[in-house]
$ cat entry-v4.csv   # CSV, C-alpha atoms and all ligand atoms
chain,number,residue,atom,x,y,z
C,1491,MET,CA,11.7,2.8,28.9
C,1492,HIS,CA,12.9,4.1,25.6
C,1493,GLU,CA,10.3,2.1,23.9
C,1494,GLU,CA,7.6,3.6,26.1
C,1495,LEU,CA,8.8,7.1,25.3
C,1496,ASP,CA,8.8,6.3,21.6
C,1497,ARG,CA,5.3,5.1,21.8
C,1498,ARG,CA,4.0,8.1,23.7
C,1499,ALA,CA,5.7,10.4,21.4
C,1500,VAL,CA,4.1,8.8,18.4
C,1501,LEU,CA,0.7,8.8,19.9
C,1502,LYS,CA,0.7,12.3,21.1
C,1503,GLY,CA,2.8,13.7,18.3
C,1504,ALA,CA,4.4,15.7,21.1
C,1505,VAL,CA,8.1,15.1,20.4
C,1506,THR,CA,9.6,15.5,17.0
C,1507,LEU,CA,12.1,13.0,15.6
C,1508,GLY,CA,14.9,15.5,16.2
C,1509,GLY,CA,13.6,15.9,19.7
C,1510,LEU,CA,13.8,12.2,20.3
C,1511,ALA,CA,17.3,12.0,19.0
C,1512,ALA,CA,18.3,14.9,21.2
C,1513,LEU,CA,17.0,13.0,24.2
C,1514,GLY,CA,19.3,10.2,23.3
C,1515,VAL,CA,16.5,7.9,22.2
C,1516,PRO,CA,17.8,5.8,19.4
C,1517,LEU,CA,15.8,6.2,16.2
C,1518,TRP,CA,14.1,3.2,14.8
C,1519,SER,CA,16.3,0.6,13.4
C,1520,MET,CA,15.8,-3.0,12.3
C,1521,PRO,CA,19.2,-3.9,11.1
C,1522,ALA,CA,19.9,-7.3,9.5
C,1523,LEU,CA,20.4,-9.7,12.4
C,1524,ALA,CA,22.4,-8.3,15.2
C,1525,GLN,CA,25.1,-10.3,16.8
C,1526,GLY,CA,23.6,-13.2,18.9
C,1527,GLU,CA,20.2,-12.6,17.2
C,1528,GLU,CA,18.7,-15.4,15.2
C,1529,MET,CA,15.6,-15.9,13.0
C,1530,VAL,CA,12.7,-17.8,14.6
C,1531,PRO,CA,11.3,-20.0,11.8
C,1532,PHE,CA,7.7,-19.6,10.8
C,1533,THR,CA,6.0,-22.9,10.4
C,1534,ASP,CA,3.2,-21.5,8.2
C,1535,ILE,CA,5.3,-20.7,5.0
C,1536,PRO,CA,3.5,-22.3,2.1
C,1537,SER,CA,5.8,-24.6,0.2
C,1538,SER,CA,4.7,-22.8,-3.0
C,1539,PHE,CA,6.1,-19.5,-1.7
C,1540,LYS,CA,8.9,-18.3,-4.0
C,1541,PRO,CA,9.9,-14.6,-3.9
C,1542,GLY,CA,11.5,-13.1,-7.0
C,1543,VAL,CA,10.6,-12.7,-10.6
C,1544,THR,CA,7.8,-15.0,-11.4
C,1545,GLY,CA,6.7,-14.8,-15.0
C,1546,GLY,CA,6.1,-12.9,-18.2
C,1547,THR,CA,4.3,-9.9,-16.9
C,1548,GLY,CA,7.2,-9.1,-14.6
C,1549,LEU,CA,5.5,-9.6,-11.3
C,1550,TYR,CA,8.1,-9.1,-8.6
C,1551,TYR,CA,8.0,-9.4,-4.8
C,1552,SER,CA,10.6,-10.0,-2.1
C,1553,ASP,CA,10.4,-11.9,1.2
C,1554,THR,CA,8.6,-10.0,4.0
C,1555,ARG,CA,10.8,-11.8,6.5
C,1556,GLU,CA,13.6,-9.6,5.2
C,1557,ILE,CA,11.9,-6.2,5.8
C,1558,ASP,CA,14.5,-4.3,7.6
C,1559,SER,CA,13.9,-0.6,7.1
C,1560,PHE,CA,11.2,2.0,6.9
C,1561,TYR,CA,11.9,2.7,3.2
C,1562,THR,CA,11.8,-0.2,0.8
C,1563,ASP,CA,14.7,0.0,-1.6
C,1564,ASN,CA,13.6,0.7,-5.1
C,1565,ASP,CA,15.1,-2.6,-6.2
C,1566,ASP,CA,13.1,-4.5,-3.5
C,1567,PHE,CA,9.8,-2.7,-4.0
C,1568,TYR,CA,7.2,-5.1,-5.4
C,1569,ILE,CA,6.2,-4.7,-9.0
C,1570,VAL,CA,2.8,-5.4,-10.6
C,1571,GLN,CA,1.5,-4.5,-14.0
C,1572,HIS,CA,-1.0,-6.1,-16.2
C,1573,TYR,CA,-0.1,-5.2,-19.8
C,1574,GLY,CA,3.7,-5.4,-19.5
C,1575,ARG,CA,5.9,-2.3,-19.4
C,1576,PRO,CA,5.4,0.2,-22.2
C,1577,ASP,CA,8.3,2.1,-23.8
C,1578,VAL,CA,8.2,5.6,-22.5
C,1579,ASP,CA,10.9,8.1,-23.4
C,1580,ALA,CA,11.3,10.7,-20.6
C,1581,GLU,CA,12.5,13.4,-23.0
C,1582,THR,CA,9.5,13.3,-25.4
C,1583,HIS,CA,6.9,12.1,-22.9
C,1584,ARG,CA,3.9,14.4,-22.5
C,1585,LEU,CA,1.2,14.4,-19.8
C,1586,LYS,CA,-2.0,15.5,-21.7
C,1587,ILE,CA,-4.9,17.2,-19.9
C,1588,SER,CA,-8.2,17.0,-21.6
C,1589,GLY,CA,-12.0,16.8,-21.4
C,1590,LEU,CA,-14.3,19.1,-19.4
C,1591,ILE,CA,-11.8,21.9,-18.8
C,1592,ASP,CA,-11.4,25.4,-20.2
C,1593,LYS,CA,-8.1,24.8,-22.0
C,1594,PRO,CA,-6.5,21.4,-22.9
C,1595,ARG,CA,-2.7,21.4,-22.3
C,1596,ALA,CA,0.3,19.1,-22.1
C,1597,TYR,CA,3.3,19.0,-19.7
C,1598,SER,CA,6.8,17.6,-20.2
C,1599,LEU,CA,8.8,16.1,-17.4
C,1600,ALA,CA,10.8,19.3,-17.3
C,1601,ASP,CA,7.6,21.4,-17.0
C,1602,LEU,CA,6.6,19.3,-14.0
C,1603,LYS,CA,10.0,19.5,-12.4
C,1604,ALA,CA,10.0,23.3,-12.7
C,1605,MET,CA,6.9,23.5,-10.5
C,1606,GLU,CA,6.7,23.6,-6.7
C,1607,ALA,CA,7.4,20.1,-5.5
C,1608,ILE,CA,6.0,18.1,-2.6
C,1609,GLU,CA,7.6,15.1,-0.9
C,1610,SER,CA,6.1,12.5,1.3
C,1611,ASP,CA,6.4,9.0,2.7
C,1612,ILE,CA,3.7,6.8,1.2
C,1613,GLY,CA,3.2,3.1,1.6
C,1614,PHE,CA,0.8,0.9,-0.3
C,1615,GLU,CA,-0.1,-2.7,-1.1
C,1616,CYS,CA,-1.7,-4.4,-4.0
C,1617,GLY,CA,-5.4,-5.1,-3.6
C,1618,GLY,CA,-4.4,-8.7,-4.4
C,1619,ASN,CA,-1.9,-9.0,-1.5
C,1620,GLN,CA,-2.4,-12.3,0.3
C,1621,THR,CA,-1.1,-14.9,2.6
C,1622,ALA,CA,0.2,-17.2,-0.1
C,1623,LEU,CA,2.8,-14.4,-0.9
C,1624,LEU,CA,3.4,-13.6,2.8
C,1625,HIS,CA,1.7,-10.3,2.1
C,1626,ALA,CA,4.8,-9.3,0.1
C,1627,LEU,CA,3.0,-7.0,-2.4
C,1628,ALA,CA,3.6,-4.0,-0.2
C,1629,GLY,CA,6.2,-1.3,0.2
C,1630,ASN,CA,6.9,2.1,1.5
C,1631,ALA,CA,8.9,4.9,-0.2
C,1632,ARG,CA,9.6,8.6,-0.2
C,1633,TRP,CA,7.9,10.1,-3.3
C,1634,LYS,CA,8.5,13.5,-4.8
C,1635,GLY,CA,6.4,15.2,-7.4
C,1636,VAL,CA,3.7,17.9,-8.0
C,1637,ALA,CA,0.5,18.0,-6.0
C,1638,LEU,CA,-2.5,17.2,-8.1
C,1639,SER,CA,-4.7,19.6,-6.2
C,1640,THR,CA,-2.4,22.5,-7.1
C,1641,LEU,CA,-2.3,21.6,-10.8
C,1642,MET,CA,-6.1,21.1,-10.9
C,1643,LYS,CA,-6.6,24.7,-9.8
C,1644,ASP,CA,-5.0,25.9,-13.1
C,1645,TRP,CA,-7.1,23.8,-15.4
C,1646,GLY,CA,-10.5,25.5,-15.2
C,1647,ILE,CA,-12.5,22.4,-14.6
C,1648,GLN,CA,-16.1,22.9,-15.9
C,1649,PRO,CA,-19.0,22.4,-13.5
C,1650,GLU,CA,-20.1,19.3,-15.4
C,1651,GLY,CA,-16.7,17.7,-14.8
C,1652,THR,CA,-17.3,15.4,-11.9
C,1653,GLU,CA,-14.9,12.6,-12.5
C,1654,VAL,CA,-11.2,12.6,-13.4
C,1655,VAL,CA,-9.6,9.7,-15.3
C,1656,PHE,CA,-5.9,8.8,-15.2
C,1657,PHE,CA,-4.5,6.9,-18.1
C,1658,GLY,CA,-1.2,4.9,-18.3
C,1659,ALA,CA,0.7,4.5,-21.6
C,1660,ASP,CA,0.1,0.7,-21.5
C,1661,SER,CA,-2.8,-1.1,-23.1
C,1662,GLY,CA,-4.0,-4.6,-23.9
C,1663,GLU,CA,-6.7,-6.6,-25.5
C,1664,GLU,CA,-9.9,-7.0,-23.5
C,1665,GLU,CA,-12.7,-9.2,-24.3
C,1666,VAL,CA,-16.3,-8.5,-23.3
C,1667,ARG,CA,-19.0,-10.8,-24.6
C,1668,ARG,CA,-16.9,-12.1,-27.4
C,1669,ALA,CA,-15.9,-8.6,-28.7
C,1670,THR,CA,-12.2,-7.8,-28.4
C,1671,VAL,CA,-10.9,-4.3,-28.1
C,1672,ASP,CA,-7.6,-2.6,-27.3
C,1673,MET,CA,-8.0,-0.9,-23.9
C,1674,LYS,CA,-5.7,1.5,-22.1
C,1675,PHE,CA,-4.9,1.0,-18.4
C,1676,ALA,CA,-7.0,3.7,-16.6
C,1677,ARG,CA,-8.5,4.5,-13.3
C,1678,SER,CA,-10.9,7.3,-12.3
C,1679,LEU,CA,-11.5,9.3,-9.1
C,1680,SER,CA,-14.3,11.6,-8.2
C,1681,ILE,CA,-13.2,15.3,-8.2
C,1682,ALA,CA,-13.8,15.3,-4.5
C,1683,ASP,CA,-11.4,12.3,-4.0
C,1684,ALA,CA,-8.9,13.7,-6.5
C,1685,SER,CA,-8.8,17.1,-4.6
C,1686,ARG,CA,-7.5,15.5,-1.4
C,1687,PRO,CA,-4.2,16.9,-0.4
C,1688,GLY,CA,-1.2,14.6,-0.8
C,1689,ILE,CA,-2.1,13.0,-4.1
C,1690,MET,CA,0.8,13.6,-6.4
C,1691,ILE,CA,2.2,13.1,-9.9
C,1692,ALA,CA,5.5,11.6,-8.8
C,1693,TYR,CA,8.8,11.7,-10.7
C,1694,GLU,CA,11.1,10.6,-7.9
C,1695,MET,CA,11.2,7.5,-5.6
C,1696,ASN,CA,13.6,7.4,-2.7
C,1697,GLY,CA,15.6,10.3,-4.1
C,1698,GLU,CA,16.1,8.6,-7.5
C,1699,PRO,CA,14.3,9.4,-10.8
C,1700,LEU,CA,11.2,7.2,-10.8
C,1701,PRO,CA,12.4,3.8,-12.1
C,1702,HIS,CA,10.7,2.6,-15.3
C,1703,ALA,CA,9.3,-0.5,-13.6
C,1704,HIS,CA,7.5,1.7,-11.1
C,1705,GLY,CA,6.0,3.9,-13.7
C,1706,GLY,CA,8.8,6.2,-14.7
C,1707,PRO,CA,9.0,8.9,-15.9
C,1708,ILE,CA,5.8,9.8,-14.0
C,1709,ARG,CA,3.1,8.1,-12.1
C,1710,LEU,CA,0.1,9.0,-9.9
C,1711,VAL,CA,0.4,8.2,-6.2
C,1712,VAL,CA,-2.8,8.3,-4.1
C,1713,PRO,CA,-2.1,8.0,-0.4
C,1714,GLY,CA,-4.4,5.7,1.5
C,1715,SER,CA,-5.4,3.7,-1.6
C,1716,TYR,CA,-4.5,0.2,-2.8
C,1717,GLY,CA,-1.8,0.1,-5.4
C,1718,ILE,CA,-4.2,-0.1,-8.3
C,1719,ALA,CA,-5.0,3.6,-7.9
C,1720,ASN,CA,-1.3,4.6,-8.5
C,1721,VAL,CA,-1.4,4.7,-12.3
C,1722,LYS,CA,2.1,4.1,-13.7
C,1723,TRP,CA,3.5,5.7,-17.0
C,1724,LEU,CA,0.8,8.4,-16.6
C,1725,ASP,CA,0.2,10.0,-19.9
C,1726,ARG,CA,-3.3,11.6,-19.8
C,1727,ILE,CA,-5.7,13.1,-17.2
C,1728,HIS,CA,-9.2,13.5,-18.6
C,1729,PHE,CA,-12.3,15.1,-17.1
C,1730,GLN,CA,-15.8,13.8,-17.7
C,1731,ASN,CA,-19.1,13.5,-16.1
C,1732,THR,CA,-19.3,9.7,-15.5
C,1733,ARG,CA,-17.2,7.1,-13.8
C,1734,TRP,CA,-14.6,5.4,-16.0
C,1735,MET,CA,-15.8,1.8,-16.5
C,1736,GLY,CA,-12.7,0.2,-18.0
C,1737,ARG,CA,-11.3,-3.2,-16.9
C,1738,PHE,CA,-9.6,-2.0,-13.7
C,1739,MET,CA,-12.6,-0.1,-12.4
C,1740,ALA,CA,-15.5,-2.2,-13.4
C,1741,LYS,CA,-14.4,-5.7,-14.2
C,1742,ASP,CA,-11.1,-6.5,-12.5
C,1743,TYR,CA,-10.0,-5.4,-9.0
C,1744,VAL,CA,-13.7,-5.6,-8.0
C,1745,THR,CA,-14.6,-7.3,-4.8
C,1746,LEU,CA,-17.7,-9.4,-5.0
C,1747,ARG,CA,-19.0,-8.8,-1.5
C,1748,GLU,CA,-22.2,-8.9,0.6
C,1749,HIS,CA,-23.6,-5.7,1.9
C,1750,LYS,CA,-26.6,-5.0,4.2
C,1751,VAL,CA,-29.3,-3.2,2.2
C,1752,GLY,CA,-32.2,-2.3,4.3
C,1753,ASP,CA,-33.0,-5.5,6.2
C,1754,GLU,CA,-31.5,-7.9,3.6
C,1755,MET,CA,-28.0,-8.9,2.4
C,1756,GLN,CA,-27.2,-8.2,-1.2
C,1757,TRP,CA,-24.2,-9.2,-3.3
C,1758,THR,CA,-22.4,-6.4,-5.3
C,1759,MET,CA,-19.1,-5.5,-6.8
C,1760,ASP,CA,-16.9,-2.9,-5.1
C,1761,SER,CA,-14.1,-1.4,-7.1
C,1762,VAL,CA,-11.0,-1.8,-5.0
C,1763,SER,CA,-10.0,1.7,-3.8
C,1764,ARG,CA,-9.3,2.9,-0.2
C,1765,THR,CA,-7.0,0.7,1.8
C,1766,LEU,CA,-8.7,-1.3,4.6
C,1767,LEU,CA,-7.2,-1.2,8.1
C,1768,LYS,CA,-4.7,-4.0,8.3
C,1769,SER,CA,-1.5,-5.2,10.1
C,1770,VAL,CA,0.6,-8.3,9.6
C,1771,VAL,CA,3.4,-10.0,11.5
C,1772,VAL,CA,6.3,-10.6,9.1
C,1773,ARG,CA,9.3,-11.5,11.2
C,1774,VAL,CA,10.3,-13.0,14.6
C,1775,THR,CA,13.8,-13.0,15.9
C,1776,ARG,CA,15.3,-14.2,19.1
C,1777,SER,CA,18.1,-12.8,21.2
C,1778,GLY,CA,18.9,-14.4,24.5
C,1779,ASP,CA,15.7,-14.7,26.6
C,1780,HIS,CA,13.4,-12.6,24.4
C,1781,CYS,CA,12.0,-12.5,20.9
C,1782,THR,CA,11.2,-9.5,18.8
C,1783,VAL,CA,8.0,-9.7,16.7
C,1784,THR,CA,8.0,-7.2,13.8
C,1785,GLY,CA,5.3,-6.3,11.3
C,1786,PHE,CA,3.7,-3.5,9.3
C,1787,ALA,CA,0.3,-1.8,9.3
C,1788,LEU,CA,-1.4,0.0,6.4
C,1789,ASN,CA,-4.7,1.8,6.2
C,1790,ASP,CA,-6.5,4.7,4.5
C,1791,GLY,CA,-4.5,7.4,6.3
C,1792,THR,CA,-6.6,7.7,9.4
C,1793,PRO,CA,-4.0,8.0,12.2
C,1794,LEU,CA,-3.5,4.8,14.1
C,1795,ALA,CA,-4.1,4.6,17.9
C,1796,LYS,CA,-2.2,1.4,18.4
C,1797,VAL,CA,-1.0,-1.9,17.1
C,1798,GLU,CA,-1.3,-4.9,19.4
C,1799,VAL,CA,0.2,-8.4,19.4
C,1800,LYS,CA,-1.2,-11.5,21.0
C,1801,VAL,CA,0.8,-14.7,21.6
C,1802,ASP,CA,-1.3,-17.9,21.9
C,1803,ASN,CA,-4.2,-17.3,24.2
C,1804,GLY,CA,-2.5,-14.4,26.1
C,1805,PRO,CA,-3.8,-10.9,26.3
C,1806,TRP,CA,-3.4,-8.3,23.5
C,1807,GLN,CA,-0.2,-6.4,24.3
C,1808,GLU,CA,0.7,-3.0,22.8
C,1809,ALA,CA,3.5,-2.9,20.2
C,1810,VAL,CA,5.8,0.0,19.6
C,1811,ILE,CA,5.2,1.9,16.4
C,1812,ASP,CA,8.2,3.2,14.4
C,1813,PRO,CA,8.4,6.9,15.2
C,1814,GLN,CA,9.2,7.7,11.5
C,1815,SER,CA,5.7,6.7,10.5
C,1816,SER,CA,3.3,9.2,9.0
C,1817,ASP,CA,-0.4,8.9,8.3
C,1818,SER,CA,0.4,8.0,4.7
C,1819,SER,CA,3.4,5.7,5.2
C,1820,TRP,CA,3.3,2.1,6.3
C,1821,LYS,CA,3.7,1.7,10.0
C,1822,LEU,CA,6.4,-0.8,11.2
C,1823,PHE,CA,5.8,-2.1,14.6
C,1824,ARG,CA,7.8,-4.2,17.1
C,1825,TYR,CA,6.8,-6.2,20.1
C,1826,THR,CA,9.1,-7.7,22.7
C,1827,TRP,CA,8.0,-11.2,23.6
C,1828,ASN,CA,9.8,-12.1,26.9
C,1829,LYS,CA,10.8,-15.6,27.8
C,1830,PRO,CA,9.1,-17.6,25.1
C,1831,ARG,CA,8.6,-21.2,26.0
C,1832,ARG,CA,9.8,-24.0,23.7
C,1833,GLY,CA,7.4,-25.4,21.1
C,1834,GLU,CA,4.8,-24.1,18.7
C,1835,HIS,CA,3.2,-20.7,19.2
C,1836,THR,CA,0.6,-18.6,17.4
C,1837,ILE,CA,1.3,-14.9,17.0
C,1838,VAL,CA,-1.2,-12.4,15.6
C,1839,SER,CA,-1.4,-8.6,15.4
C,1840,ARG,CA,-4.3,-6.1,15.1
C,1841,ALA,CA,-4.3,-2.4,14.4
C,1842,THR,CA,-6.8,0.1,15.8
C,1843,ASP,CA,-7.3,3.6,14.4
C,1844,ILE,CA,-8.2,6.8,16.3
C,1845,ASN,CA,-11.8,6.4,15.4
C,1846,GLY,CA,-11.9,3.2,17.4
C,1847,GLN,CA,-12.0,1.0,14.3
C,1848,VAL,CA,-10.3,-2.3,15.1
C,1849,GLN,CA,-8.8,-4.6,12.5
C,1850,GLN,CA,-11.2,-7.5,12.0
C,1851,THR,CA,-10.5,-11.2,12.3
C,1852,GLN,CA,-10.9,-13.3,9.2
C,1853,ALA,CA,-14.3,-14.3,10.5
C,1854,GLU,CA,-15.5,-10.7,11.0
C,1855,VAL,CA,-14.5,-9.5,7.6
C,1856,PRO,CA,-17.6,-9.0,5.5
C,1857,LYS,CA,-18.3,-12.0,3.3
C,1858,LYS,CA,-16.7,-11.9,-0.1
C,1859,VAL,CA,-15.8,-14.5,-2.7
C,1860,THR,CA,-13.1,-12.8,-4.8
C,1861,TYR,CA,-9.6,-12.7,-3.5
C,1862,TRP,CA,-9.2,-8.9,-3.6
C,1863,GLU,CA,-8.7,-7.0,-0.3
C,1864,ASN,CA,-7.5,-9.1,2.6
C,1865,PRO,CA,-7.4,-7.0,5.7
C,1866,GLY,CA,-8.3,-9.7,8.2
C,1867,GLN,CA,-6.0,-10.6,11.1
C,1868,TRP,CA,-3.4,-13.1,10.1
C,1869,PRO,CA,-2.3,-15.6,12.8
C,1870,ARG,CA,1.2,-16.9,12.2
C,1871,THR,CA,2.8,-19.9,13.7
C,1872,VAL,CA,6.4,-20.2,14.9
C,1873,ARG,CA,8.6,-22.8,16.5
C,1874,ILE,CA,10.8,-21.9,19.5
C,1875,SER,CA,13.6,-24.5,19.9
I,1901,LIG,N1,-0.2,1.9,-16.0
I,1901,LIG,C1,-0.4,1.0,-15.1
I,1901,LIG,N2,-0.4,1.4,-13.8
I,1901,LIG,C2,-0.5,0.5,-12.8
I,1901,LIG,C3,-0.7,-0.9,-13.0
I,1901,LIG,C4,-0.7,-1.3,-14.4
I,1901,LIG,O1,-0.8,-2.5,-14.8
I,1901,LIG,N3,-0.5,-0.3,-15.4
I,1901,LIG,N4,-0.8,-1.8,-12.0
I,1901,LIG,C5,-1.3,-1.2,-10.8
I,1901,LIG,C6,-1.2,-2.2,-9.7
I,1901,LIG,S1,-2.4,-3.4,-9.7
I,1901,LIG,C7,-0.4,-2.0,-8.6
I,1901,LIG,S2,-0.5,-3.0,-7.3
I,1901,LIG,C8,0.6,-0.9,-8.6
I,1901,LIG,C9,2.0,-1.5,-8.4
I,1901,LIG,O2,2.9,-0.5,-8.4
I,1901,LIG,P1,4.5,-0.9,-8.3
I,1901,LIG,O3,4.7,-1.9,-9.5
I,1901,LIG,O4,5.3,0.4,-8.5
I,1901,LIG,O5,4.7,-1.5,-7.0
I,1901,LIG,O6,0.6,-0.2,-9.8
I,1901,LIG,C10,-0.6,0.1,-10.4
I,1901,LIG,N5,-0.5,0.9,-11.5
I,1902,MO,MO,-2.3,-4.4,-7.7
$ encode --input "entry-v4.csv" --output "structure tokens" --more "lines below"
Ligand SMILES: Nc1nc2c(c(=O)[nH]1)N[C@H]1C(S)=C(S)[C@@H](COP(=O)(O)O)O[C@H]1N2
Ligand SMILES: [Mo]
Amino acid sequence: MHEELDRRAVLKGAVTLGGLAALGVPLWSMPALAQGEEMVPFTDIPSSFKPGVTGGTGLYYSDTREIDSFYTDNDDFYIVQHYGRPDVDAETHRLKISGLIDKPRAYSLADLKAMEAIESDIGFECGGNQTALLHALAGNARWKGVALSTLMKDWGIQPEGTEVVFFGADSGEEEVRRATVDMKFARSLSIADASRPGIMIAYEMNGEPLPHAHGGPIRLVVPGSYGIANVKWLDRIHFQNTRWMGRFMAKDYVTLREHKVGDEMQWTMDSVSRTLLKSVVVRVTRSGDHCTVTGFALNDGTPLAKVEVKVDNGPWQEAVIDPQSSDSSWKLFRYTWNKPRRGEHTIVSRATDINGQVQQTQAEVPKKVTYWENPGQWPRTVRIS
């Protein structure tokens, strides 16, 4: 009954969190195993799966079976960077603003902190998130910073300025046709995309100064986008009249995919950007005569209508979505699977947004040959003993 109330409240937005608490409805919790509760083993974990630090560039991810809260701890939040982590001193760091604007300028961290702040819950995943990692390149945090749209109003962007480029302090050698150059990490957005509310220059993560591994002292956070958009160690914002065609826009993080063009199919390269509608099952626990199936959903910020779970060849059954969720956060969901029978079972989830868009099966996802962007439904197998 409580779960039903949670769900309706989420869908209609009718009851606030405080309201739910006042009604005596427990707020969402997924504590470490409760008494009498046990993990149900997945039988699809690749033997190669090894969470933790895995190499020189400092890639880090934890184990999605251990996701137990809406906010991912800063220490557990996955880490990806391609050129290592640059030394950045928070005291002397400056964010430079340049290009097709009336007056170039620079901000210190103190300047940014003195401005009006926004705070929001934003979840994202790496565009390279995948089954081999149990989809562990994902996390959700509370970010605090300055709204980019507010700052942009002060800069006097000239009419020819149609694209805004965000640079990190990191760089590396890139080779194109046997020429090698030193290239900075950079990503660009159209002015229209950059003007969306909610995009921020963040200096805090879950109430702490932004950790260096996550881009401290400042990074860009673009709600509804894959992680690649969230430029860490942000040190320049530049306005120009063409798209930025650096490695991470034009060469890497591009999905080689088939599109319908007129009446024929054509291959092209899409720069990884907005997050495709997705949900995954990450954990199954058992307590007495029922199991609890847990997972997370991510998308481009369109409100979700529902997440459903299917066991074996049974019907799709609606899961309960964590009432703490917001459009920009990840959405944890939970489904109660009553009286599971002994043996092997297949469990899969699918998310549906309010526009009626339904998460696709692997077979329905448009044909692609690169491993970027993996929103397809992910059937998991478990053994009930
Ligand atoms: N400056 C810079 N920003 C970067 C990257 C990088 O290599 N350099 N990697 C991007 C990628 S691919 C991802 S998935 C996210 C990861 O952010 P996190 O390490 O805080 O989880 O940062 C993005 N921002
Ligand atoms: Mo990424």
$ residues_near_ligand --input "entry-v4.csv" --ligand "ligand LIG 1901 (chain I)" --cutoff "6 Å" --atoms "all atoms listed in the file" --output "list in words"
Tyr1568, Ile1569, Val1570, Gln1571, His1572, Tyr1573, Cys1616, Gly1658, Asp1660, Phe1675, His1704, Gly1717, Ile1718, Asn1720, Val1721, Lys1722 and Trp1723 of chain C
$ write_last_selection --input "entry-v4.csv" --atoms "C-alpha atoms" --output "compact mmCIF listing (two decimals), in the coordinates of the input"
# COMPACT_ATOMS: atom_id res chain seq x y z
CA TYR C 1568 7.20 -5.10 -5.40
CA ILE C 1569 6.20 -4.70 -9.00
CA VAL C 1570 2.80 -5.40 -10.60
CA GLN C 1571 1.50 -4.50 -14.00
CA HIS C 1572 -1.00 -6.10 -16.20
CA TYR C 1573 -0.10 -5.20 -19.80
CA CYS C 1616 -1.70 -4.40 -4.00
CA GLY C 1658 -1.20 4.90 -18.30
CA ASP C 1660 0.10 0.70 -21.50
CA PHE C 1675 -4.90 1.00 -18.40
CA HIS C 1704 7.50 1.70 -11.10
CA GLY C 1717 -1.80 0.10 -5.40
CA ILE C 1718 -4.20 -0.10 -8.30
CA ASN C 1720 -1.30 4.60 -8.50
CA VAL C 1721 -1.40 4.70 -12.30
CA LYS C 1722 2.10 4.10 -13.70
CA TRP C 1723 3.50 5.70 -17.00
$ atom_distance --input "entry-v4.csv" --atom1 "CA of Gly1589 (chain C)" --atom2 "CA of Ala1676 (chain C)"
14.8 Å
$ closest_residue --input "entry-v4.csv" --among "C:Val1762, C:Ala1622, C:Ala1795, C:Leu1746" --to "ligand MO 1902 (chain I)" --atoms "all atoms listed in the file"
C:Val1762
$ residues_near_point --input "entry-v4.csv" --point "(-1.8, -18.2, 15.2)" --cutoff "12 Å" --atoms "all atoms listed in the file" --output "ChimeraX atom specification"
/C:1532-1534,1770-1771,1799-1804,1834-1839,1851-1852,1867-1873
$ residues_around --input "entry-v4.csv" --residues "Pro1713 (chain C)" --least-positions-apart "4" --cutoff "7 Å" --atoms "all atoms listed in the file" --output "ChimeraX atom specification"
/C:1612,1688-1689,1818
$ write_last_selection --input "entry-v4.csv" --atoms "C-alpha atoms" --output "compact mmCIF listing (two decimals), in the frame of the given file"
# COMPACT_ATOMS: atom_id res chain seq x y z
CA ILE C 1612 3.70 6.80 1.20
CA GLY C 1688 -1.20 14.60 -0.80
CA ILE C 1689 -2.10 13.00 -4.10
CA SER C 1818 0.40 8.00 4.70
$ residues_around --input "entry-v4.csv" --residues "Met1690 (chain C)" --least-positions-apart "5" --cutoff "10 Å" --atoms "only C-alpha atoms" --output "PyMOL selection string"
chain C and resi 1607-1610+1633-1641+1684+1708-1713+1720
$ residues_around --input "entry-v4.csv" --residues "Gly1706 (chain C)" --least-positions-apart "5" --cutoff "8 Å" --atoms "only C-alpha atoms" --output "short mmCIF file (atom, residue, chain, number, x, y, z; two decimals) with C-alpha atoms, keeping the file's coordinate frame"
data_model
loop_
_atom_site.label_atom_id
_atom_site.label_comp_id
_atom_site.auth_asym_id
_atom_site.auth_seq_id
_atom_site.Cartn_x
_atom_site.Cartn_y
_atom_site.Cartn_z
CA VAL C 1578 8.20 5.60 -22.50
CA ALA C 1580 11.30 10.70 -20.60
CA TYR C 1693 8.80 11.70 -10.70
CA PRO C 1699 14.30 9.40 -10.80
CA LEU C 1700 11.20 7.20 -10.80
CA PRO C 1701 12.40 3.80 -12.10
CA LYS C 1722 2.10 4.10 -13.70
CA TRP C 1723 3.50 5.70 -17.00
#
$ closest_residue --input "entry-v4.csv" --among "C:Lys1643, C:Leu1602, C:Asp1742, C:Gln1807" --to "ligand MO 1902 (chain I)" --atoms "all atoms listed in the file"
C:Asp1742
$ atom_distance --input "entry-v4.csv" --atom1 "CA of Gly1697 (chain C)" --atom2 "CA of Lys1768 (chain C)"
27.8 Å
$ closest_residue --input "entry-v4.csv" --among "C:Asn1828, C:Asn1789, C:Thr1784, C:Gln1648" --to "Asp1812 (chain C)" --atoms "all atoms listed in the file"
C:Thr1784
